[in-house]
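Containing mmCIF, C-alpha atoms: final-v2.cif.
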data_protein
loop_
_atom_site.label_atom_id
_atom_site.label_comp_id
_atom_site.auth_asym_id
_atom_site.auth_seq_id
_atom_site.Cartn_x
_atom_site.Cartn_y
_atom_site.Cartn_z
CA MET A 235 20.19 -52.70 -12.08
CA ASN A 236 18.15 -54.86 -14.44
CA GLY A 237 18.36 -58.45 -13.25
CA LYS A 238 21.17 -60.42 -11.71
CA LEU A 239 24.44 -60.61 -13.59
CA PRO A 240 25.59 -64.17 -14.32
CA GLU A 241 28.33 -65.76 -12.23
CA THR A 242 31.60 -65.76 -14.16
CA GLY A 243 34.34 -66.46 -11.63
CA LYS A 244 36.52 -63.66 -10.27
CA LEU A 245 39.15 -64.03 -12.99
CA GLY A 246 38.38 -62.60 -16.43
CA PHE A 247 40.43 -63.07 -19.60
CA GLY A 248 41.34 -59.66 -21.01
CA LEU A 249 41.98 -59.99 -24.73
CA MET A 250 43.99 -56.83 -25.41
CA ARG A 251 47.43 -58.43 -25.00
CA LEU A 252 47.07 -61.84 -26.66
CA PRO A 253 50.22 -63.75 -27.67
CA ARG A 254 51.65 -62.76 -31.03
CA THR A 255 53.96 -64.30 -33.57
CA GLY A 256 55.36 -61.23 -35.23
CA PRO A 257 52.47 -58.80 -35.78
CA ALA A 258 49.83 -61.57 -35.92
CA ILE A 259 47.98 -62.99 -32.92
CA ASN A 260 49.00 -66.59 -32.24
CA VAL A 261 45.61 -68.30 -32.42
CA LYS A 262 47.01 -71.72 -31.49
CA GLU A 263 48.43 -70.50 -28.19
CA THR A 264 45.36 -68.34 -27.57
CA SER A 265 43.18 -71.44 -28.05
CA GLU A 266 45.24 -73.34 -25.49
CA MET A 267 44.84 -70.47 -23.05
CA VAL A 268 41.08 -70.36 -23.67
CA ASP A 269 40.80 -74.07 -22.90
CA ILE A 270 42.75 -73.79 -19.64
CA PHE A 271 40.62 -70.82 -18.60
CA LEU A 272 37.32 -72.62 -19.21
CA GLU A 273 38.51 -75.90 -17.69
CA ASN A 274 39.17 -74.08 -14.44
CA GLY A 275 35.63 -72.73 -14.20
CA PHE A 276 36.09 -69.18 -15.49
CA THR A 277 33.88 -67.78 -18.25
CA TYR A 278 34.37 -64.01 -18.72
CA PHE A 279 36.18 -62.93 -21.91
CA ASP A 280 36.72 -59.24 -22.68
CA THR A 281 37.51 -57.75 -26.09
CA ALA A 282 36.81 -54.43 -27.84
CA PHE A 283 36.28 -52.96 -31.29
CA VAL A 284 39.61 -51.11 -30.97
CA TYR A 285 41.72 -54.11 -29.87
CA ILE A 286 43.43 -54.79 -33.17
CA GLY A 287 42.92 -58.41 -34.27
CA SER A 288 41.40 -59.46 -30.96
CA GLU A 289 37.81 -59.98 -32.09
CA ALA A 290 38.80 -62.11 -35.09
CA ALA A 291 41.24 -64.13 -32.99
CA ILE A 292 38.72 -64.91 -30.27
CA LYS A 293 36.26 -66.08 -32.92
CA LYS A 294 38.75 -68.76 -33.92
CA ALA A 295 40.05 -69.56 -30.44
CA LEU A 296 36.77 -69.51 -28.51
CA ILE A 297 33.55 -68.95 -30.42
CA ASP A 298 34.14 -71.49 -33.19
CA ARG A 299 35.34 -74.10 -30.70
CA HIS A 300 33.05 -73.91 -27.66
CA PRO A 301 29.26 -73.88 -27.10
CA ARG A 302 27.89 -70.34 -26.86
CA GLU A 303 26.35 -71.01 -23.45
CA SER A 304 29.70 -72.09 -21.98
CA TYR A 305 31.19 -68.58 -21.78
CA THR A 306 30.30 -64.91 -21.40
CA LEU A 307 31.71 -62.38 -23.85
CA ALA A 308 32.15 -58.64 -23.33
CA ASP A 309 32.78 -56.16 -26.13
CA LYS A 310 32.98 -52.37 -26.29
CA LEU A 311 32.03 -49.34 -28.37
CA PHE A 312 34.57 -46.52 -28.44
CA ALA A 313 33.31 -43.13 -29.63
CA GLY A 314 36.49 -41.23 -28.82
CA MET A 315 37.92 -41.16 -32.34
CA VAL A 316 34.95 -41.78 -34.67
CA PRO A 317 33.68 -39.09 -37.10
CA GLY A 318 30.04 -39.24 -36.05
CA GLU A 319 27.02 -41.04 -34.61
CA LYS A 320 26.54 -43.42 -37.52
CA ALA A 321 30.13 -44.67 -37.35
CA ALA A 322 29.91 -45.09 -33.58
CA LYS A 323 26.75 -47.19 -33.73
CA ALA A 324 28.15 -49.26 -36.60
CA GLU A 325 30.83 -50.63 -34.27
CA LEU A 326 28.34 -53.06 -32.73
CA ASP A 327 27.47 -54.59 -36.10
CA THR A 328 31.15 -54.87 -36.97
CA SER A 329 32.01 -56.47 -33.63
CA LEU A 330 29.18 -59.01 -33.95
CA LYS A 331 30.36 -59.85 -37.46
CA ARG A 332 34.01 -60.17 -36.47
CA THR A 333 33.28 -62.41 -33.50
CA GLY A 334 30.31 -64.37 -34.83
CA ALA A 335 29.05 -64.41 -31.25
CA GLY A 336 25.40 -63.68 -32.09
CA TYR A 337 25.06 -61.43 -29.04
CA PHE A 338 27.24 -59.96 -26.31
CA ASP A 339 26.63 -60.91 -22.69
CA TYR A 340 28.20 -57.60 -21.66
CA TYR A 341 28.50 -54.50 -23.82
CA LEU A 342 30.30 -51.38 -22.71
CA LEU A 343 30.55 -47.77 -23.77
CA HIS A 344 34.31 -47.69 -23.81
CA SER A 345 36.91 -45.58 -21.99
CA LEU A 346 34.75 -42.67 -20.83
CA SER A 347 36.67 -39.74 -19.38
CA GLU A 348 36.45 -35.98 -18.97
CA ASN A 349 37.85 -35.62 -22.50
CA ASN A 350 35.19 -37.61 -24.34
CA TYR A 351 32.08 -38.39 -22.28
CA GLU A 352 30.00 -35.70 -23.98
CA LYS A 353 30.35 -37.53 -27.30
CA TYR A 354 28.41 -40.46 -25.87
CA ASP A 355 25.52 -38.09 -25.17
CA LYS A 356 25.88 -36.28 -28.49
CA TYR A 357 25.73 -39.56 -30.42
CA HIS A 358 22.78 -40.88 -28.34
CA LEU A 359 24.76 -43.96 -27.36
CA TRP A 360 23.12 -44.43 -23.96
CA ASP A 361 19.77 -44.84 -25.70
CA PHE A 362 21.42 -47.00 -28.36
CA VAL A 363 22.63 -49.65 -25.92
CA LYS A 364 19.22 -49.79 -24.25
CA GLU A 365 17.57 -50.33 -27.63
CA GLU A 366 20.07 -53.04 -28.52
CA LYS A 367 19.40 -54.77 -25.23
CA GLU A 368 15.69 -54.84 -26.05
CA LYS A 369 16.59 -56.47 -29.38
CA GLY A 370 18.58 -59.15 -27.56
CA ARG A 371 21.92 -58.31 -29.14
CA ILE A 372 23.15 -57.10 -25.73
CA LYS A 373 22.31 -58.89 -22.48
CA HIS A 374 23.83 -56.41 -20.01
CA TYR A 375 25.35 -52.99 -20.53
CA GLY A 376 27.71 -50.71 -18.68
CA PHE A 377 30.74 -48.56 -19.37
CA SER A 378 34.48 -48.58 -18.83
CA PHE A 379 35.86 -45.50 -17.16
CA HIS A 380 39.11 -43.54 -16.96
CA GLY A 381 38.00 -40.36 -15.25
CA GLY A 382 37.72 -38.93 -11.76
CA PRO A 383 35.15 -39.73 -9.07
CA GLU A 384 33.18 -36.54 -9.73
CA LEU A 385 32.48 -37.54 -13.33
CA LEU A 386 31.70 -41.12 -12.34
CA ASP A 387 29.17 -39.88 -9.79
CA LYS A 388 27.59 -37.68 -12.47
CA LEU A 389 27.31 -40.51 -15.00
CA LEU A 390 25.89 -43.02 -12.53
CA THR A 391 23.39 -40.45 -11.27
CA GLU A 392 22.24 -39.61 -14.81
CA HIS A 393 22.19 -43.27 -15.91
CA PRO A 394 21.03 -45.28 -12.90
CA ASP A 395 20.04 -48.26 -15.06
CA VAL A 396 23.69 -48.99 -15.93
CA GLU A 397 24.24 -52.57 -14.74
CA PHE A 398 27.99 -52.55 -14.05
CA VAL A 399 31.09 -50.41 -14.45
CA GLN A 400 34.62 -51.27 -15.48
CA LEU A 401 37.32 -49.45 -13.52
CA GLN A 402 41.10 -49.30 -13.42
CA LEU A 403 41.96 -50.59 -9.96
CA ASN A 404 45.32 -51.75 -8.67
CA TYR A 405 47.39 -51.24 -5.55
CA ALA A 406 49.88 -48.89 -7.25
CA ASP A 407 47.12 -46.51 -8.40
CA TRP A 408 45.07 -46.75 -5.21
CA GLU A 409 46.09 -43.31 -3.90
CA ASP A 410 47.57 -41.93 -7.14
CA PRO A 411 46.43 -38.28 -7.39
CA LYS A 412 45.73 -38.58 -11.13
CA VAL A 413 44.07 -42.00 -11.30
CA ARG A 414 42.34 -41.81 -7.87
CA SER A 415 41.50 -45.50 -7.88
CA ARG A 416 40.22 -45.69 -4.31
CA GLU A 417 37.89 -42.71 -4.71
CA VAL A 418 36.54 -44.03 -8.02
CA TYR A 419 35.97 -47.47 -6.48
CA GLU A 420 34.14 -45.98 -3.50
CA THR A 421 31.94 -43.91 -5.82
CA ALA A 422 30.86 -46.99 -7.78
CA ARG A 423 30.08 -48.83 -4.56
CA ARG A 424 27.98 -45.93 -3.24
CA HIS A 425 25.84 -46.35 -6.34
CA GLY A 426 25.67 -50.12 -5.73
CA LYS A 427 27.27 -51.06 -9.05
CA PRO A 428 29.17 -54.34 -9.56
CA ILE A 429 32.69 -53.68 -10.79
CA VAL A 430 34.76 -55.28 -13.52
CA VAL A 431 38.41 -54.51 -12.79
CA MET A 432 40.82 -53.58 -15.58
CA GLU A 433 44.58 -53.03 -15.34
CA PRO A 434 44.96 -54.93 -12.04
CA VAL A 435 48.61 -55.54 -12.97
CA LYS A 436 48.97 -52.06 -14.54
CA GLY A 437 49.89 -53.20 -18.03
CA GLY A 438 52.26 -55.85 -16.64
CA LYS A 439 54.25 -53.45 -14.46
CA LEU A 440 53.13 -55.08 -11.23
CA ALA A 441 54.11 -58.52 -12.54
CA ASN A 442 57.72 -57.31 -12.52
CA PRO A 443 57.92 -54.59 -9.86
CA PRO A 444 61.10 -52.89 -8.60
CA LYS A 445 63.52 -54.96 -6.52
CA THR A 446 62.47 -53.20 -3.33
CA VAL A 447 58.85 -54.29 -3.85
CA LYS A 448 59.88 -57.82 -4.75
CA ALA A 449 61.86 -58.09 -1.52
CA ILE A 450 58.85 -57.02 0.55
CA PHE A 451 56.57 -59.59 -1.08
CA ASP A 452 59.15 -62.39 -1.03
CA ALA A 453 59.65 -61.95 2.71
CA VAL A 454 55.95 -62.50 3.35
CA ASN A 455 54.97 -65.09 0.74
CA PRO A 456 58.06 -66.52 -1.00
CA GLY A 457 57.31 -68.24 -4.29
CA ALA A 458 54.08 -66.35 -4.98
CA SER A 459 54.10 -64.57 -8.34
CA TYR A 460 54.08 -60.78 -8.20
CA ALA A 461 51.03 -60.78 -10.47
CA SER A 462 49.18 -62.81 -7.84
CA TRP A 463 49.74 -60.06 -5.28
CA ALA A 464 48.22 -57.48 -7.62
CA ILE A 465 45.21 -59.56 -8.64
CA ARG A 466 44.47 -60.82 -5.13
CA PHE A 467 44.53 -57.23 -3.86
CA VAL A 468 41.61 -56.17 -6.05
CA ALA A 469 39.86 -59.54 -5.70
CA SER A 470 39.77 -58.92 -1.94
CA LEU A 471 37.58 -55.83 -2.43
CA ASP A 472 33.79 -55.91 -2.07
CA GLY A 473 31.52 -55.70 -5.10
CA ILE A 474 33.91 -57.17 -7.67
CA LEU A 475 32.23 -59.03 -10.53
CA THR A 476 35.47 -60.14 -12.18
CA ILE A 477 39.07 -59.05 -12.66
CA LEU A 478 40.47 -58.79 -16.17
CA SER A 479 43.97 -60.11 -16.54
CA GLY A 480 45.54 -59.38 -19.92
CA MET A 481 47.40 -62.67 -20.14
CA SER A 482 49.88 -63.03 -23.01
CA ASN A 483 51.06 -66.63 -22.78
CA VAL A 484 50.19 -70.04 -21.36
CA ASN A 485 52.48 -69.63 -18.35
CA GLN A 486 50.67 -66.49 -17.28
CA MET A 487 47.32 -68.22 -17.73
CA GLU A 488 48.39 -71.21 -15.64
CA ASP A 489 49.70 -68.97 -12.88
CA ASN A 490 46.52 -66.86 -12.80
CA VAL A 491 44.09 -69.78 -12.67
CA ASN A 492 46.18 -71.58 -10.03
CA PHE A 493 45.86 -68.79 -7.45
CA MET A 494 42.34 -67.69 -8.46
CA LYS A 495 40.45 -70.98 -8.77
CA ASN A 496 40.57 -71.35 -4.97
CA PHE A 497 40.84 -67.64 -4.24
CA VAL A 498 41.92 -66.60 -0.74
CA PRO A 499 41.70 -62.88 0.17
CA LEU A 500 44.83 -61.11 1.39
CA ASN A 501 45.38 -61.47 5.12
CA GLU A 502 46.49 -58.58 7.33
CA ARG A 503 50.19 -59.41 7.03
CA GLU A 504 49.88 -59.46 3.25
CA MET A 505 47.91 -56.20 3.27
CA GLU A 506 50.69 -54.55 5.26
CA ALA A 507 53.18 -55.71 2.61
CA VAL A 508 50.97 -54.15 -0.07
CA ARG A 509 50.84 -50.88 1.87
CA GLN A 510 54.65 -50.82 1.95
CA ALA A 511 54.72 -51.47 -1.80
CA GLN A 512 52.24 -48.64 -2.36
CA LYS A 513 54.57 -46.20 -0.62
CA ILE A 514 57.37 -47.18 -2.97
CA PHE A 515 55.19 -46.70 -6.05
CA ASN A 516 53.89 -43.38 -4.74
CA GLU A 517 57.49 -42.14 -4.68
CA ALA A 518 58.40 -43.59 -8.08
CA LYS A 519 59.21 -41.34 -11.04
CA ASP A 520 58.27 -43.74 -13.79
CA ILE A 521 56.00 -42.93 -16.73
CA PRO A 522 52.66 -44.59 -15.87
CA CYS A 523 52.04 -45.98 -19.38
CA THR A 524 50.15 -49.28 -19.64
CA ALA A 525 50.84 -49.75 -23.37
CA CYS A 526 47.19 -49.62 -24.44
CA ARG A 527 48.47 -47.93 -27.64
CA TYR A 528 45.44 -45.65 -28.05
CA CYS A 529 47.91 -42.78 -28.46
CA VAL A 530 49.62 -44.35 -31.48
CA GLU A 531 46.48 -44.61 -33.61
CA GLY A 532 45.94 -40.86 -33.76
CA CYS A 533 49.60 -39.84 -33.91
CA PRO A 534 50.32 -38.17 -37.30
CA LYS A 535 53.99 -39.16 -36.94
CA GLN A 536 53.16 -42.72 -35.79
CA ILE A 537 55.67 -42.49 -32.95
CA ASP A 538 55.83 -45.70 -30.92
CA ILE A 539 55.03 -43.79 -27.74
CA PRO A 540 54.52 -46.89 -25.52
CA GLY A 541 57.77 -48.37 -26.79
CA VAL A 542 59.70 -45.18 -26.05
CA PHE A 543 58.15 -44.89 -22.58
CA SER A 544 58.84 -48.55 -21.79
CA ALA A 545 62.48 -48.02 -22.71
CA ARG A 546 62.71 -44.89 -20.54
CA ASN A 547 61.17 -46.72 -17.59
CA LYS A 548 63.88 -49.36 -17.78
CA GLN A 549 66.29 -46.60 -16.81
CA LEU A 550 64.03 -44.62 -14.46
CA VAL A 551 62.76 -47.57 -12.40
CA PHE A 552 65.41 -50.25 -12.71
CA GLY A 553 68.55 -48.30 -13.66
CA ARG A 554 69.14 -50.54 -16.69
CA ILE A 555 70.84 -47.97 -18.89
CA GLU A 556 72.10 -50.24 -21.66
CA GLU A 557 68.86 -52.22 -21.87
CA SER A 558 66.94 -48.93 -21.93
CA ARG A 559 69.07 -47.64 -24.82
CA ASP A 560 68.65 -50.89 -26.79
CA ASP A 561 64.86 -50.86 -26.30
CA TYR A 562 64.74 -47.22 -27.38
CA LEU A 563 66.63 -47.99 -30.58
CA ARG A 564 64.18 -50.83 -31.35
CA ALA A 565 61.22 -48.50 -30.77
CA THR A 566 62.59 -45.79 -33.06
CA GLU A 567 64.72 -47.56 -35.69
CA GLY A 568 63.48 -46.71 -39.18
CA LYS A 569 60.58 -44.62 -37.88
CA SER A 570 59.77 -41.43 -36.04
CA GLY A 571 61.12 -40.80 -32.56
CA PRO A 572 60.14 -38.47 -29.71
CA ALA A 573 62.00 -35.53 -31.28
CA ASP A 574 59.59 -35.74 -34.24
CA CYS A 575 56.55 -34.93 -32.07
CA ILE A 576 54.62 -31.97 -33.52
CA LYS A 577 52.72 -31.36 -30.25
CA CYS A 578 49.28 -31.81 -31.80
CA GLY A 579 47.90 -33.23 -28.56
CA ASN A 580 45.95 -36.11 -30.13
CA CYS A 581 47.73 -38.57 -27.85
CA GLU A 582 46.90 -36.74 -24.64
CA LYS A 583 43.21 -36.53 -25.54
CA VAL A 584 42.87 -40.33 -25.61
CA CYS A 585 45.36 -41.37 -22.91
CA PRO A 586 43.49 -43.24 -20.15
CA GLN A 587 46.36 -42.60 -17.72
CA LYS A 588 46.28 -38.80 -18.24
CA ILE A 589 50.00 -38.75 -18.98
CA ASP A 590 51.59 -35.45 -20.05
CA ILE A 591 52.78 -37.23 -23.16
CA ILE A 592 54.24 -34.25 -25.00
CA THR A 593 56.36 -33.24 -22.01
CA ARG A 594 57.44 -36.83 -21.45
CA LEU A 595 58.44 -37.21 -25.09
CA GLU A 596 60.54 -34.07 -24.83
CA ASP A 597 62.27 -35.58 -21.81
CA CYS A 598 62.90 -38.84 -23.66
CA ALA A 599 64.32 -37.01 -26.69
CA ALA A 600 66.69 -35.02 -24.49
CA TYR A 601 67.79 -38.09 -22.52
CA TYR A 602 68.49 -40.40 -25.45
CA ASN A 603 70.09 -37.70 -27.60
CA ASN A 604 72.68 -37.27 -24.85
CA LEU A 605 73.59 -40.96 -24.56
#
Taking this structure as input, can you express it in the form of structure tokens?
Amino acid sequence: MNGKLPETGKLGFGLMRLPRTGPAINVKETSEMVDIFLENGFTYFDTAFVYIGSEAAIKKALIDRHPRESYTLADKLFAGMVPGEKAAKAELDTSLKRTGAGYFDYYLLHSLSENNYEKYDKYHLWDFVKEEKEKGRIKHYGFSFHGGPELLDKLLTEHPDVEFVQLQLNYADWEDPKVRSREVYETARRHGKPIVVMEPVKGGKLANPPKTVKAIFDAVNPGASYASWAIRFVASLDGILTILSGMSNVNQMEDNVNFMKNFVPLNEREMEAVRQAQKIFNEAKDIPCTACRYCVEGCPKQIDIPGVFSARNKQLVFGRIEESRDDYLRATEGKSGPADCIKCGNCEKVCPQKIDIITRLEDCAAYYNNL
């Protein structure tokens, strides 16, 4: 690792799910959230080239309004869907232009997995980030990861100078046989790498868990938000640099900073409650979509896959049949639905959660067609 990473506070502001007014990001509310975040001593902001509108919004909400030395900004290069090396490397220039940040404190090769990691070698992107660090346009570099522990071990062995890794860690995925959060975490720690946590609340799912999970948590710590349980779980782990929370409104921001500014690790009674919640999630039959929307970009039919899956989960997890049907109609009205899937597989190639999307869409089509 090249030098000590700056202190940022254990709460990071993930900028994928910023508040929106219609399709546009609400810059006024985002600015208010930025101010609350900074006032409470946190500095780590995380955006990406592929987060639509995020880089431009954070320029207005943060970069144009606060001294450059008062925050740390992370951005990412995603090679998964670009046509070639030139286009991949051009993402850095575009991101610097969109944000006006001058440099990135943290820069990541984005969303590496078994499906795409070879592209990062083919396009010479490991050498590229080192060169950009020497130029001063990147201060620290790492990668975000959605693969298994075997691939992570391979990448960290081949690239020992990587300064940090970004991993999907949360209590629901801890023993999930597809995500393998615990094994991936332990692999990163064996290599001595600081960890930035993504999806600690699993795309918002753990902020509103099933009633059985809520009852367990309420019995132990009544009044605590369910998001606080999820974030404190990963914050209690060793080696955590910061935890990205994709906050979407001021209330979420205020809740997050309130329990993280004077962070207290989970005690044994709380950990036992989390273990009980993990058992419930391990038995759940929901679709593990976090609404990153990577699947939609490459879909030739532009099916709102996250919207369809969210609707289906309302029925699968909560038994809300009418609400599920209404959400499904909103996700498909005037556009393609799951029955229009042509099974091209583009969605499955980029899905960080390794969901069998085609099969799940077939299930959704059959279910809603019979309502």
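Shortest atom-to-atom contact with Met250 of chain A among A:Pro301, A:Pro443, A:Gly480, A:Gly376: A:Gly480, counting only C-alpha atoms.
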Contacts of segment 568-582 of chain A at 12 Å (all atoms listed in the file; same-chain gap of 5+ positions) as number ranges by chain = A: 314-315, 347-350, 523, 526-543, 546, 562-563, 587-603
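Atom CA of Leu245 of chain A lies 12.6 Å from atom CA of Ala461 of chain A.
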Just so the selection is clear, what residues does the PyMOL selection byres ((chain A and resi 422-425) around 8) cover here, as number ranges by chain?
-> A: 386-387, 390, 399, 418-421, 426-429, 473
Edge lengths and centre in Å, axis-aligned, segment 452-470 of chain A plus 6 Å each side, as lines of an AutoDock Vina configuration file:
center_x = 49.7
center_y = -62.2
center_z = -3.6
size_x = 31.9
size_y = 24.1
size_z = 25.8
Expected selection from the PyMOL selection byres ((chain A and resi 501) around 12), given as a PyMOL selection string = chain A and resi 454-455+463+466-467+470+498-500+502-508
Fewer than 6 positions away in the same chain doesn't count, so skip those; otherwise give me all residues within 9 Å of Trp360 of chain A, counting only C-alpha atoms, as a ChimeraX atom specification.
-> /A:343,354,393
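For the structure shown here, the set of residues caught by the PyMOL selection byres ((chain A and resi 492) around 12) is Leu245, Ile270, Phe271, Glu273, Asn274, Gly275, Phe276, Ala458, Ser459, Ala461, Ser462, Arg466, Asn485, Gln486, Met487, Glu488, Asp489, Asn490, Val491, Phe493, Met494, Lys495, Asn496, Phe497 and Val498 of chain A.
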Could you write those residues out with C-alpha atoms, as a PDB file, in the frame of the given file?
ATOM      1  CA  LEU A 245      39.150 -64.030 -12.990  1.00  0.00           C
ATOM      2  CA  ILE A 270      42.750 -73.790 -19.640  1.00  0.00           C
ATOM      3  CA  PHE A 271      40.620 -70.820 -18.600  1.00  0.00           C
ATOM      4  CA  GLU A 273      38.510 -75.900 -17.690  1.00  0.00           C
ATOM      5  CA  ASN A 274      39.170 -74.080 -14.440  1.00  0.00           C
ATOM      6  CA  GLY A 275      35.630 -72.730 -14.200  1.00  0.00           C
ATOM      7  CA  PHE A 276      36.090 -69.180 -15.490  1.00  0.00           C
ATOM      8  CA  ALA A 458      54.080 -66.350  -4.980  1.00  0.00           C
ATOM      9  CA  SER A 459      54.100 -64.570  -8.340  1.00  0.00           C
ATOM     10  CA  ALA A 461      51.030 -60.780 -10.470  1.00  0.00           C
ATOM     11  CA  SER A 462      49.180 -62.810  -7.840  1.00  0.00           C
ATOM     12  CA  ARG A 466      44.470 -60.820  -5.130  1.00  0.00           C
ATOM     13  CA  ASN A 485      52.480 -69.630 -18.350  1.00  0.00           C
ATOM     14  CA  GLN A 486      50.670 -66.490 -17.280  1.00  0.00           C
ATOM     15  CA  MET A 487      47.320 -68.220 -17.730  1.00  0.00           C
ATOM     16  CA  GLU A 488      48.390 -71.210 -15.640  1.00  0.00           C
ATOM     17  CA  ASP A 489      49.700 -68.970 -12.880  1.00  0.00           C
ATOM     18  CA  ASN A 490      46.520 -66.860 -12.800  1.00  0.00           C
ATOM     19  CA  VAL A 491      44.090 -69.780 -12.670  1.00  0.00           C
ATOM     20  CA  PHE A 493      45.860 -68.790  -7.450  1.00  0.00           C
ATOM     21  CA  MET A 494      42.340 -67.690  -8.460  1.00  0.00           C
ATOM     22  CA  LYS A 495      40.450 -70.980  -8.770  1.00  0.00           C
ATOM     23  CA  ASN A 496      40.570 -71.350  -4.970  1.00  0.00           C
ATOM     24  CA  PHE A 497      40.840 -67.640  -4.240  1.00  0.00           C
ATOM     25  CA  VAL A 498      41.920 -66.600  -0.740  1.00  0.00           C
TER      26      VAL A 498
END
Leaving out Lys369 of chain A and any residue of its chain fewer than 5 positions from it, which residues lie within 10 Å of it when counting all atoms listed in the file, given as an MDAnalysis selection string?
-> chainID A and resid 337 363:364
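Once Ser479 of chain A and its same-chain neighbours fewer than 6 positions away are set aside, Leu245, Gly246, Phe247, Gly248, Leu249, Met250, Arg251, Phe279, Asp280, Val431, Met432, Glu433, Pro434, Val435, Lys436, Gly437, Gly438, Ala461, Ile465, Gln486, Met487 and Asn490 of chain A remain within 10 Å of it when counting all atoms listed in the file.
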Listing only residues of segment 265-284 of chain A within 10 Å of segment 317-336 of chain A, what is the closest atom pair and its distance in Å (to one decimal) for each, using all atoms listed in the file, sorted by chain and residue number ascending, as a tab-separated table?
residue	atom	partner	partner_atom	distance
A:Thr281	CA	A:Ser329	CA	9.4
A:Ala282	CA	A:Ser329	CA	7.8
A:Phe283	CA	A:Ser329	CA	6.0
A:Val284	CA	A:Glu325	CA	9.4
Please measure the separation of atom CA of Ile450 of chain A and atom CA of Ala406 of chain A, giving the value in Å to one decimal.
-> 14.4 Å
Excluding same-chain residues fewer than 2 positions from Ser558 of chain A, what lies within 9 Å of it counting all atoms listed in the file, as a compact mmCIF listing (two decimals) with C-alpha atoms, in the frame of the given file?
# COMPACT_ATOMS: atom_id res chain seq x y z
CA SER A 544 58.84 -48.55 -21.79
CA ALA A 545 62.48 -48.02 -22.71
CA ARG A 546 62.71 -44.89 -20.54
CA ASN A 547 61.17 -46.72 -17.59
CA LYS A 548 63.88 -49.36 -17.78
CA GLN A 549 66.29 -46.60 -16.81
CA GLY A 553 68.55 -48.30 -13.66
CA ARG A 554 69.14 -50.54 -16.69
CA ILE A 555 70.84 -47.97 -18.89
CA GLU A 556 72.10 -50.24 -21.66
CA ASP A 560 68.65 -50.89 -26.79
CA ASP A 561 64.86 -50.86 -26.30
CA TYR A 562 64.74 -47.22 -27.38
CA LEU A 563 66.63 -47.99 -30.58
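Between atom CA of Ala518 of chain A and atom CA of Lys448 of chain A there is a distance of 14.7 Å.
Considering all atoms listed in the file, the residue among A:Arg509, A:Leu346, A:Phe398, A:Tyr351 positioned nearest to Ile474 of chain A is A:Phe398.
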